[in-house]
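Asks: My file is target.tsv. It has TSV, C-alpha atoms and all ligand atoms:
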chain	number	residue	atom	x	y	z
A	1	MET	CA	14.80	-1.82	19.19
A	2	SER	CA	12.95	-1.32	15.97
A	3	LEU	CA	10.14	1.17	15.39
A	4	TYR	CA	7.44	0.48	12.84
A	5	VAL	CA	4.85	3.23	12.68
A	6	VAL	CA	1.75	3.25	10.49
A	7	LEU	CA	0.48	6.69	9.54
A	8	MET	CA	-3.17	6.73	8.57
A	9	GLY	CA	-5.39	9.53	7.39
A	10	VAL	CA	-7.44	10.69	4.49
A	11	GLN	CA	-5.74	12.26	1.46
A	12	GLY	CA	-4.56	15.74	2.46
A	13	ALA	CA	-4.37	15.05	6.20
A	14	GLY	CA	-0.65	15.85	6.13
A	15	LYS	CA	0.72	12.32	6.38
A	16	GLY	CA	3.63	12.96	4.02
A	17	LEU	CA	4.78	16.03	5.91
A	18	GLN	CA	4.50	14.49	9.38
A	19	ALA	CA	6.28	11.37	8.10
A	20	LYS	CA	9.25	13.57	7.20
A	21	LEU	CA	9.35	14.94	10.77
A	22	ILE	CA	9.21	11.43	12.31
A	23	GLU	CA	11.94	10.37	9.89
A	24	ALA	CA	14.25	13.16	11.06
A	25	ARG	CA	13.53	12.64	14.78
A	26	PHE	CA	13.70	8.82	14.95
A	27	GLY	CA	16.13	8.06	12.09
A	28	ILE	CA	13.80	5.69	10.26
A	29	PRO	CA	12.79	6.23	6.62
A	30	GLN	CA	9.34	7.01	5.34
A	31	VAL	CA	7.92	4.31	3.09
A	32	SER	CA	5.12	5.72	1.00
A	33	THR	CA	3.60	3.17	-1.35
A	34	GLY	CA	2.11	6.08	-3.35
A	35	ASP	CA	5.65	7.47	-3.85
A	36	LEU	CA	7.01	4.02	-4.73
A	37	PHE	CA	4.28	3.64	-7.35
A	38	ARG	CA	4.79	7.19	-8.66
A	39	ALA	CA	8.51	6.46	-9.04
A	40	MET	CA	7.52	3.75	-11.53
A	41	ARG	CA	6.33	6.53	-13.87
A	42	THR	CA	9.73	6.63	-15.54
A	43	ARG	CA	9.49	2.92	-16.37
A	44	ASN	CA	7.72	1.65	-19.41
A	45	ASP	CA	7.16	-2.04	-18.65
A	46	GLU	CA	3.74	-3.64	-18.42
A	47	LEU	CA	3.52	-3.50	-14.60
A	48	ALA	CA	4.46	0.19	-14.53
A	49	ARG	CA	1.86	1.04	-17.17
A	50	LYS	CA	-0.81	-0.92	-15.29
A	51	VAL	CA	0.01	0.88	-12.02
A	52	GLN	CA	-0.10	4.31	-13.72
A	53	ALA	CA	-3.53	3.61	-15.18
A	54	ILE	CA	-4.91	2.47	-11.80
A	55	MET	CA	-3.48	5.51	-9.99
A	56	ALA	CA	-4.85	7.97	-12.55
A	57	SER	CA	-8.36	6.59	-11.93
A	58	GLY	CA	-8.03	6.91	-8.13
A	59	ARG	CA	-8.48	3.15	-7.58
A	60	LEU	CA	-6.19	0.97	-5.46
A	61	VAL	CA	-3.37	-1.16	-6.83
A	62	ASP	CA	-3.91	-4.89	-6.15
A	63	ASP	CA	-2.67	-6.27	-2.81
A	64	ASP	CA	-0.08	-8.72	-4.19
A	65	THR	CA	1.69	-6.01	-6.19
A	66	THR	CA	1.53	-3.62	-3.24
A	67	ASN	CA	2.80	-6.15	-0.66
A	68	ALA	CA	5.64	-7.20	-2.95
A	69	ILE	CA	6.83	-3.63	-3.43
A	70	VAL	CA	6.78	-3.13	0.38
A	71	VAL	CA	8.75	-6.32	1.12
A	72	ASP	CA	11.31	-5.20	-1.42
A	73	ARG	CA	11.59	-1.78	0.25
A	74	LEU	CA	11.87	-3.25	3.79
A	75	ALA	CA	14.80	-5.41	2.69
A	76	GLN	CA	16.90	-2.34	1.95
A	77	PRO	CA	19.65	-1.46	4.49
A	78	ASP	CA	18.18	1.90	5.59
A	79	ALA	CA	14.95	0.13	6.65
A	80	LYS	CA	16.57	-2.35	9.08
A	81	LYS	CA	15.62	-0.42	12.26
A	82	GLY	CA	12.07	0.32	11.22
A	83	VAL	CA	10.06	2.56	8.93
A	84	ILE	CA	7.12	4.92	8.85
A	85	PHE	CA	4.41	3.56	6.59
A	86	ASP	CA	2.53	6.24	4.71
A	87	GLY	CA	-0.39	5.00	2.66
A	88	TYR	CA	0.17	1.36	3.65
A	89	PRO	CA	-1.54	-0.85	4.75
A	90	ARG	CA	-4.75	0.34	3.06
A	91	ASN	CA	-6.92	-2.67	3.96
A	92	GLN	CA	-7.03	-5.70	6.27
A	93	ILE	CA	-5.37	-8.05	3.78
A	94	GLN	CA	-2.37	-5.74	3.58
A	95	ALA	CA	-2.39	-5.25	7.38
A	96	ALA	CA	-2.41	-8.99	8.08
A	97	PHE	CA	0.35	-9.50	5.51
A	98	LEU	CA	2.45	-6.78	7.15
A	99	GLU	CA	2.02	-8.19	10.66
A	100	ARG	CA	3.11	-11.64	9.45
A	101	HIS	CA	6.06	-10.23	7.59
A	102	LEU	CA	7.25	-8.19	10.60
A	103	GLN	CA	6.73	-11.15	12.94
A	104	GLU	CA	9.12	-13.19	10.79
A	105	LYS	CA	11.72	-10.48	11.43
A	106	GLY	CA	10.98	-10.51	15.18
A	107	ALA	CA	9.36	-7.10	14.94
A	108	ARG	CA	5.82	-5.69	15.09
A	109	VAL	CA	3.75	-2.64	14.27
A	110	ASN	CA	4.51	-0.43	17.28
A	111	ALA	CA	1.97	2.35	16.76
A	112	VAL	CA	-0.75	3.40	14.35
A	113	LEU	CA	-1.29	7.14	14.12
A	114	LEU	CA	-4.64	8.22	12.70
A	115	LEU	CA	-4.61	11.84	11.47
A	116	GLU	CA	-8.26	12.87	11.67
A	117	LEU	CA	-9.56	15.53	9.29
A	118	ASP	CA	-12.95	16.83	8.14
A	119	LEU	CA	-13.56	15.43	4.65
A	120	TYR	CA	-14.38	18.79	3.01
A	121	VAL	CA	-11.10	20.18	4.30
A	122	ALA	CA	-9.39	17.05	2.99
A	123	PHE	CA	-10.83	17.65	-0.49
A	124	LYS	CA	-9.64	21.26	-0.61
A	125	ARG	CA	-6.18	20.40	0.70
A	126	ALA	CA	-5.71	17.90	-2.15
A	127	PHE	CA	-7.51	19.80	-4.92
A	128	GLY	CA	-5.77	23.11	-4.19
A	129	ARG	CA	-2.21	21.96	-3.60
A	130	VAL	CA	0.78	22.65	-5.84
A	131	SER	CA	4.51	22.37	-5.18
A	132	SER	CA	7.73	24.02	-6.28
A	133	ASP	CA	10.81	22.28	-7.72
A	134	GLU	CA	12.46	22.40	-4.30
A	135	GLY	CA	9.45	20.62	-2.75
A	136	LYS	CA	7.75	23.58	-1.05
A	137	SER	CA	3.97	23.22	-0.86
A	138	TYR	CA	1.32	25.87	-1.50
A	139	ASN	CA	-2.45	25.72	-1.60
A	140	TYR	CA	-5.09	27.66	-3.53
A	141	TYR	CA	-7.46	27.65	-0.51
A	142	TYR	CA	-5.11	27.73	2.48
A	143	ASN	CA	-1.62	28.92	1.61
A	144	ASP	CA	-1.51	31.23	-1.42
A	145	ALA	CA	0.96	33.90	-0.26
A	146	GLY	CA	3.52	34.64	-2.98
A	147	VAL	CA	1.69	32.59	-5.61
A	148	ASP	CA	-0.36	33.75	-8.62
A	149	PHE	CA	-3.18	31.27	-9.13
A	150	ASN	CA	-5.34	31.21	-12.27
A	151	TRP	CA	-8.04	28.81	-13.38
A	152	VAL	CA	-7.52	28.24	-17.12
A	153	ALA	CA	-10.46	26.90	-19.11
A	154	SER	CA	-9.47	24.03	-21.37
A	155	ASP	CA	-10.30	24.07	-25.12
A	156	ASP	CA	-13.06	21.50	-24.73
A	157	SER	CA	-14.49	23.32	-21.65
A	158	ALA	CA	-13.81	20.24	-19.54
A	159	PHE	CA	-14.55	20.79	-15.86
A	160	PRO	CA	-12.78	21.59	-13.63
A	161	PRO	CA	-10.51	24.01	-15.48
A	162	ARG	CA	-6.74	23.62	-15.16
A	163	LEU	CA	-5.13	25.35	-12.18
A	164	ASP	CA	-2.18	27.43	-13.30
A	165	ALA	CA	0.13	28.44	-10.40
A	166	ARG	CA	3.32	30.49	-10.52
A	167	LEU	CA	5.59	31.94	-7.85
A	168	SER	CA	5.06	35.73	-8.04
A	169	ALA	CA	8.76	36.46	-7.41
A	170	SER	CA	10.40	34.13	-9.94
A	171	ASP	CA	7.53	33.13	-12.23
A	172	GLU	CA	8.44	29.47	-11.52
A	173	ASN	CA	5.65	27.21	-12.69
A	174	LEU	CA	4.34	25.20	-9.71
A	175	ARG	CA	3.46	21.56	-10.23
A	176	ARG	CA	0.22	19.83	-9.38
A	177	ARG	CA	0.03	16.06	-8.97
A	178	PRO	CA	-2.08	14.67	-11.83
A	179	ASP	CA	-4.17	12.69	-9.32
A	180	ASP	CA	-4.92	15.96	-7.44
A	181	ALA	CA	-6.07	17.74	-10.62
A	182	SER	CA	-9.15	15.56	-10.99
A	183	ALA	CA	-12.01	16.25	-8.56
A	184	ASP	CA	-13.43	12.83	-9.42
A	185	ALA	CA	-10.19	11.07	-8.56
A	186	ILE	CA	-9.93	12.90	-5.20
A	187	ILE	CA	-13.53	12.04	-4.27
A	188	LYS	CA	-12.89	8.45	-5.31
A	189	ARG	CA	-9.81	8.34	-3.07
A	190	ILE	CA	-11.80	9.77	-0.13
A	191	ASP	CA	-14.56	7.21	-0.75
A	192	THR	CA	-12.02	4.40	-0.97
A	193	PHE	CA	-10.40	5.61	2.24
A	194	LEU	CA	-13.73	5.53	4.07
A	195	GLU	CA	-14.79	2.16	2.67
A	196	THR	CA	-11.58	0.21	2.97
A	197	THR	CA	-9.71	1.90	5.77
A	198	GLN	CA	-12.48	2.12	8.33
A	199	PRO	CA	-12.33	-1.64	9.08
A	200	LEU	CA	-8.58	-1.23	9.49
A	201	ILE	CA	-9.11	1.52	12.06
A	202	THR	CA	-11.42	-0.79	14.02
A	203	TYR	CA	-8.85	-3.60	13.69
A	204	PHE	CA	-5.92	-1.56	15.04
A	205	GLU	CA	-8.11	0.03	17.71
A	206	ALA	CA	-9.02	-3.44	19.01
A	207	GLN	CA	-5.28	-4.16	19.36
A	208	GLY	CA	-4.83	-0.98	21.39
A	209	LYS	CA	-2.38	0.38	18.82
A	210	LEU	CA	-4.46	3.25	17.43
A	211	ARG	CA	-3.60	6.84	18.44
A	212	LYS	CA	-6.02	9.51	17.18
A	213	ILE	CA	-4.47	12.86	16.25
A	214	ASN	CA	-6.41	16.01	15.29
A	215	ALA	CA	-4.95	16.92	11.87
A	216	ASP	CA	-6.87	20.21	11.58
A	217	GLN	CA	-4.23	22.13	13.52
A	218	SER	CA	-0.93	23.78	12.65
A	219	ILE	CA	1.87	21.50	11.46
A	220	GLU	CA	3.71	22.17	14.75
A	221	ALA	CA	0.69	21.27	16.91
A	222	VAL	CA	0.08	18.03	14.99
A	223	TRP	CA	3.77	17.17	15.36
A	224	ALA	CA	3.68	17.80	19.13
A	225	ASP	CA	0.69	15.44	19.45
A	226	ILE	CA	2.47	12.78	17.37
A	227	GLN	CA	5.60	12.93	19.52
A	228	ARG	CA	3.49	12.50	22.65
A	229	ALA	CA	1.72	9.52	21.07
A	230	LEU	CA	4.99	7.84	20.07
A	231	GLU	CA	6.57	8.35	23.49
A	232	THR	CA	3.71	6.46	25.13
A	233	ASN	CA	3.71	3.60	22.60
B	1	LIG	P1	-1.16	8.06	-2.19
B	1	LIG	O1	-0.05	8.96	-2.61
B	1	LIG	O2	-0.86	7.30	-0.93
B	1	LIG	O3	-2.48	8.75	-2.16
B	1	LIG	O4	-1.30	6.94	-3.33
B	1	LIG	C1	-1.58	7.26	-4.64
B	1	LIG	C2	-2.16	6.06	-5.35
B	1	LIG	O5	-1.23	4.96	-5.33
B	1	LIG	C3	-3.44	5.49	-4.75
B	1	LIG	O6	-4.59	6.19	-5.19
B	1	LIG	C4	-3.40	4.05	-5.25
B	1	LIG	O7	-3.77	3.96	-6.61
B	1	LIG	C5	-1.91	3.73	-5.14
B	1	LIG	N1	-1.57	3.19	-3.81
B	1	LIG	C6	-0.78	3.78	-2.87
B	1	LIG	N2	-0.67	3.02	-1.76
B	1	LIG	C7	-1.43	1.91	-1.98
B	1	LIG	C8	-1.76	0.75	-1.20
B	1	LIG	N3	-1.28	0.56	0.05
B	1	LIG	N4	-2.57	-0.18	-1.77
B	1	LIG	C9	-3.06	-0.02	-3.00
B	1	LIG	N5	-2.82	1.06	-3.79
B	1	LIG	C10	-2.01	2.02	-3.29
Starting from the coordinates I provided, produce the structure as structure tokens.
Replies:
Amino acid sequence: MSLYVVLMGVQGAGKGLQAKLIEARFGIPQVSTGDLFRAMRTRNDELARKVQAIMASGRLVDDDTTNAIVVDRLAQPDAKKGVIFDGYPRNQIQAAFLERHLQEKGARVNAVLLLELDLYVAFKRAFGRVSSDEGKSYNYYYNDAGVDFNWVASDDSAFPPRLDARLSASDENLRRRPDDASADAIIKRIDTFLETTQPLITYFEAQGKLRKINADQSIEAVWADIQRALETN
């Protein structure tokens, strides 16, 4: 039996983190199209440069490029028993493509989990987040214990100022995703989510596949709700 799960939710709803928990519990890998695109950063071909420019502006990569990168990922041996999609599909064209592709393999989308979050909270979760080299996450607004945060004005007084974050104990410089550092880009991503993903929510709801999860709870509580939703799929 294969298990294909689609994780949906606005930027900052905790999709990446919950995907890791599903991955560990069900033995299927997380496939994040955002991560696949970010991994192209080290490449310097035309496609990689195009993708970087689109991501930096907060817009969506075109559907053909996105679908192709997903098909490629699903063909890898670790994805044979299913995957958790994080950030894909982002619109109906991608959803229809995915359903067709899975059907050809004799599989289907088993469940769609929608992590629901207030949009102002979503903005602060993305704008305030930084991470350490070992992948631990902190947040200026919600999780600042052990971190020294400073807003540093840039030379040209561009707004917002740069967020400098260091671990108090080791002085390790914490990293911020470039697409989280721009308020404009975050708002654009939230807008895009609302515009393009809402029809997708309606689409999956009509198929009876949508499970709504309250994402404004502790990580453990969200995880408990997700497990319940997947058991009843
Ligand atoms: P994410 O990490 O999911 O927020 O994705 C970061 C960026 O990668 C997005 O703002 C888009 O530019 C691009 N991207 C990720 N997934 C998709 C997708 N399914 N379709 C189009 N663009 C995507």
Asks: CA of Gln207 (chain A) to CA of Ser2 (chain A): how many Å, to one decimal?
Replies: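 Rounded to one decimal, the two atoms are 18.8 Å apart.
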Asks: Listing only residues of chain A within 10 Å of ligand LIG 1 (chain B), what is the closest atom pair and its distance in Å (to one decimal) for each, using all atoms listed in the file, sorted by chain and residue number ascending, as a Markdown table?
Replies:
| residue | atom | partner | partner_atom | distance |
| --- | --- | --- | --- | --- |
| A:Met8 | CA | B:LIG1 | O2 | 9.8 |
| A:Gly9 | CA | B:LIG1 | O2 | 9.7 |
| A:Val10 | CA | B:LIG1 | O3 | 8.5 |
| A:Gln11 | CA | B:LIG1 | O3 | 6.0 |
| A:Gly12 | CA | B:LIG1 | O3 | 8.6 |
| A:Lys15 | CA | B:LIG1 | O2 | 9.0 |
| A:Gly16 | CA | B:LIG1 | O1 | 8.6 |
| A:Val31 | CA | B:LIG1 | N2 | 9.9 |
| A:Ser32 | CA | B:LIG1 | O2 | 6.5 |
| A:Thr33 | CA | B:LIG1 | N2 | 4.3 |
| A:Gly34 | CA | B:LIG1 | O4 | 3.5 |
| A:Asp35 | CA | B:LIG1 | O1 | 6.0 |
| A:Leu36 | CA | B:LIG1 | C6 | 8.0 |
| A:Phe37 | CA | B:LIG1 | O5 | 6.0 |
| A:Arg38 | CA | B:LIG1 | O5 | 7.2 |
| A:Val51 | CA | B:LIG1 | O7 | 7.3 |
| A:Gln52 | CA | B:LIG1 | O7 | 8.0 |
| A:Ala53 | CA | B:LIG1 | O7 | 8.6 |
| A:Ile54 | CA | B:LIG1 | O7 | 5.5 |
| A:Met55 | CA | B:LIG1 | O7 | 3.7 |
| A:Ala56 | CA | B:LIG1 | O7 | 7.2 |
| A:Ser57 | CA | B:LIG1 | O7 | 7.5 |
| A:Gly58 | CA | B:LIG1 | O6 | 4.6 |
| A:Arg59 | CA | B:LIG1 | O7 | 4.9 |
| A:Leu60 | CA | B:LIG1 | N5 | 3.8 |
| A:Val61 | CA | B:LIG1 | N5 | 3.8 |
| A:Asp62 | CA | B:LIG1 | C9 | 5.9 |
| A:Asp63 | CA | B:LIG1 | N4 | 6.2 |
| A:Asp64 | CA | B:LIG1 | N4 | 9.2 |
| A:Thr65 | CA | B:LIG1 | C9 | 8.3 |
| A:Thr66 | CA | B:LIG1 | N4 | 5.6 |
| A:Asn67 | CA | B:LIG1 | N3 | 7.9 |
| A:Ile69 | CA | B:LIG1 | N3 | 9.8 |
| A:Val70 | CA | B:LIG1 | N3 | 8.9 |
| A:Phe85 | CA | B:LIG1 | N3 | 9.2 |
| A:Asp86 | CA | B:LIG1 | O2 | 6.7 |
| A:Gly87 | CA | B:LIG1 | O2 | 4.3 |
| A:Tyr88 | CA | B:LIG1 | N3 | 4.0 |
| A:Pro89 | CA | B:LIG1 | N3 | 4.9 |
| A:Arg90 | CA | B:LIG1 | N3 | 4.6 |
| A:Asn91 | CA | B:LIG1 | N3 | 7.6 |
| A:Gln94 | CA | B:LIG1 | N3 | 7.3 |
| A:Ala95 | CA | B:LIG1 | N3 | 9.4 |
| A:Ala126 | CA | B:LIG1 | O3 | 9.7 |
| A:Arg177 | CA | B:LIG1 | O1 | 9.5 |
| A:Asp179 | CA | B:LIG1 | C1 | 7.6 |
| A:Asp180 | CA | B:LIG1 | O3 | 9.3 |
| A:Ala185 | CA | B:LIG1 | O6 | 8.2 |
| A:Ile186 | CA | B:LIG1 | O6 | 8.6 |
| A:Lys188 | CA | B:LIG1 | O6 | 8.6 |
| A:Arg189 | CA | B:LIG1 | O6 | 6.0 |
| A:Ile190 | CA | B:LIG1 | O6 | 9.5 |
| A:Thr192 | CA | B:LIG1 | O6 | 8.7 |
| A:Phe193 | CA | B:LIG1 | O6 | 9.4 |
Asks: How many Å lie between CA of Glu116 (chain A) and CA of Asp216 (chain A), rounded to one decimal?
Replies: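 About the pair CA of Glu116 (chain A) and CA of Asp216 (chain A): they are 7.5 Å apart.
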Asks: Between A:Lys81, A:Lys209, A:Arg108, A:Arg43, which is the closest to Gln30 (chain A) once you count only C-alpha atoms?
Replies: A:Lys81
Asks: Go through A:Gln18, A:Gln227, A:Gln92, A:Gln103 one by one, measure the shortest atom-to-atom distance of each to Ile201 (chain A) using all atoms listed in the file, and give the residue with the smallest value.
Replies: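 Nearest to Ile201 (chain A): A:Gln92.
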Asks: For Leu21 (chain A), which of A:Ala68, A:Val222, A:Ala215, A:Ala229 is the closest residue, counting only C-alpha atoms?
Replies: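 Of the candidates, the smallest distance to Leu21 (chain A) is held by A:Val222.
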Asks: Quick one, how far is CA of Gly14 (chain A) from CA of Phe149 (chain A)?
Replies: 21.8 Å
Asks: Quick one: axis-aligned box around all listed atoms of region 84-89 of chain A, 8 Å on every side, centre and edge lengths in Å to one decimal, written as AutoDock Vina command-line options.
Replies:
--center_x 2.8 --center_y 2.7 --center_z 5.8 --size_x 24.7 --size_y 23.1 --size_z 22.2
Asks: Which residues, written as number ranges by chain, have at least one atom at most 10 Å from region 134-141 of chain A, with only C-alpha atoms counted and residues fewer than 2 positions away on the same chain left out?
Replies: A: 17, 121, 124-132, 143-150, 163, 165, 167, 174-176
Asks: Store the residues of this selection in a file with C-alpha atoms, as a PDB file, keeping the file's coordinate frame.
Replies:
ATOM      1  CA  LEU A  17       4.780  16.030   5.910  1.00  0.00           C
ATOM      2  CA  VAL A 121     -11.100  20.180   4.300  1.00  0.00           C
ATOM      3  CA  LYS A 124      -9.640  21.260  -0.610  1.00  0.00           C
ATOM      4  CA  ARG A 125      -6.180  20.400   0.700  1.00  0.00           C
ATOM      5  CA  ALA A 126      -5.710  17.900  -2.150  1.00  0.00           C
ATOM      6  CA  PHE A 127      -7.510  19.800  -4.920  1.00  0.00           C
ATOM      7  CA  GLY A 128      -5.770  23.110  -4.190  1.00  0.00           C
ATOM      8  CA  ARG A 129      -2.210  21.960  -3.600  1.00  0.00           C
ATOM      9  CA  VAL A 130       0.780  22.650  -5.840  1.00  0.00           C
ATOM     10  CA  SER A 131       4.510  22.370  -5.180  1.00  0.00           C
ATOM     11  CA  SER A 132       7.730  24.020  -6.280  1.00  0.00           C
ATOM     12  CA  ASN A 143      -1.620  28.920   1.610  1.00  0.00           C
ATOM     13  CA  ASP A 144      -1.510  31.230  -1.420  1.00  0.00           C
ATOM     14  CA  ALA A 145       0.960  33.900  -0.260  1.00  0.00           C
ATOM     15  CA  GLY A 146       3.520  34.640  -2.980  1.00  0.00           C
ATOM     16  CA  VAL A 147       1.690  32.590  -5.610  1.00  0.00           C
ATOM     17  CA  ASP A 148      -0.360  33.750  -8.620  1.00  0.00           C
ATOM     18  CA  PHE A 149      -3.180  31.270  -9.130  1.00  0.00           C
ATOM     19  CA  ASN A 150      -5.340  31.210 -12.270  1.00  0.00           C
ATOM     20  CA  LEU A 163      -5.130  25.350 -12.180  1.00  0.00           C
ATOM     21  CA  ALA A 165       0.130  28.440 -10.400  1.00  0.00           C
ATOM     22  CA  LEU A 167       5.590  31.940  -7.850  1.00  0.00           C
ATOM     23  CA  LEU A 174       4.340  25.200  -9.710  1.00  0.00           C
ATOM     24  CA  ARG A 175       3.460  21.560 -10.230  1.00  0.00           C
ATOM     25  CA  ARG A 176       0.220  19.830  -9.380  1.00  0.00           C
TER      26      ARG A 176
END
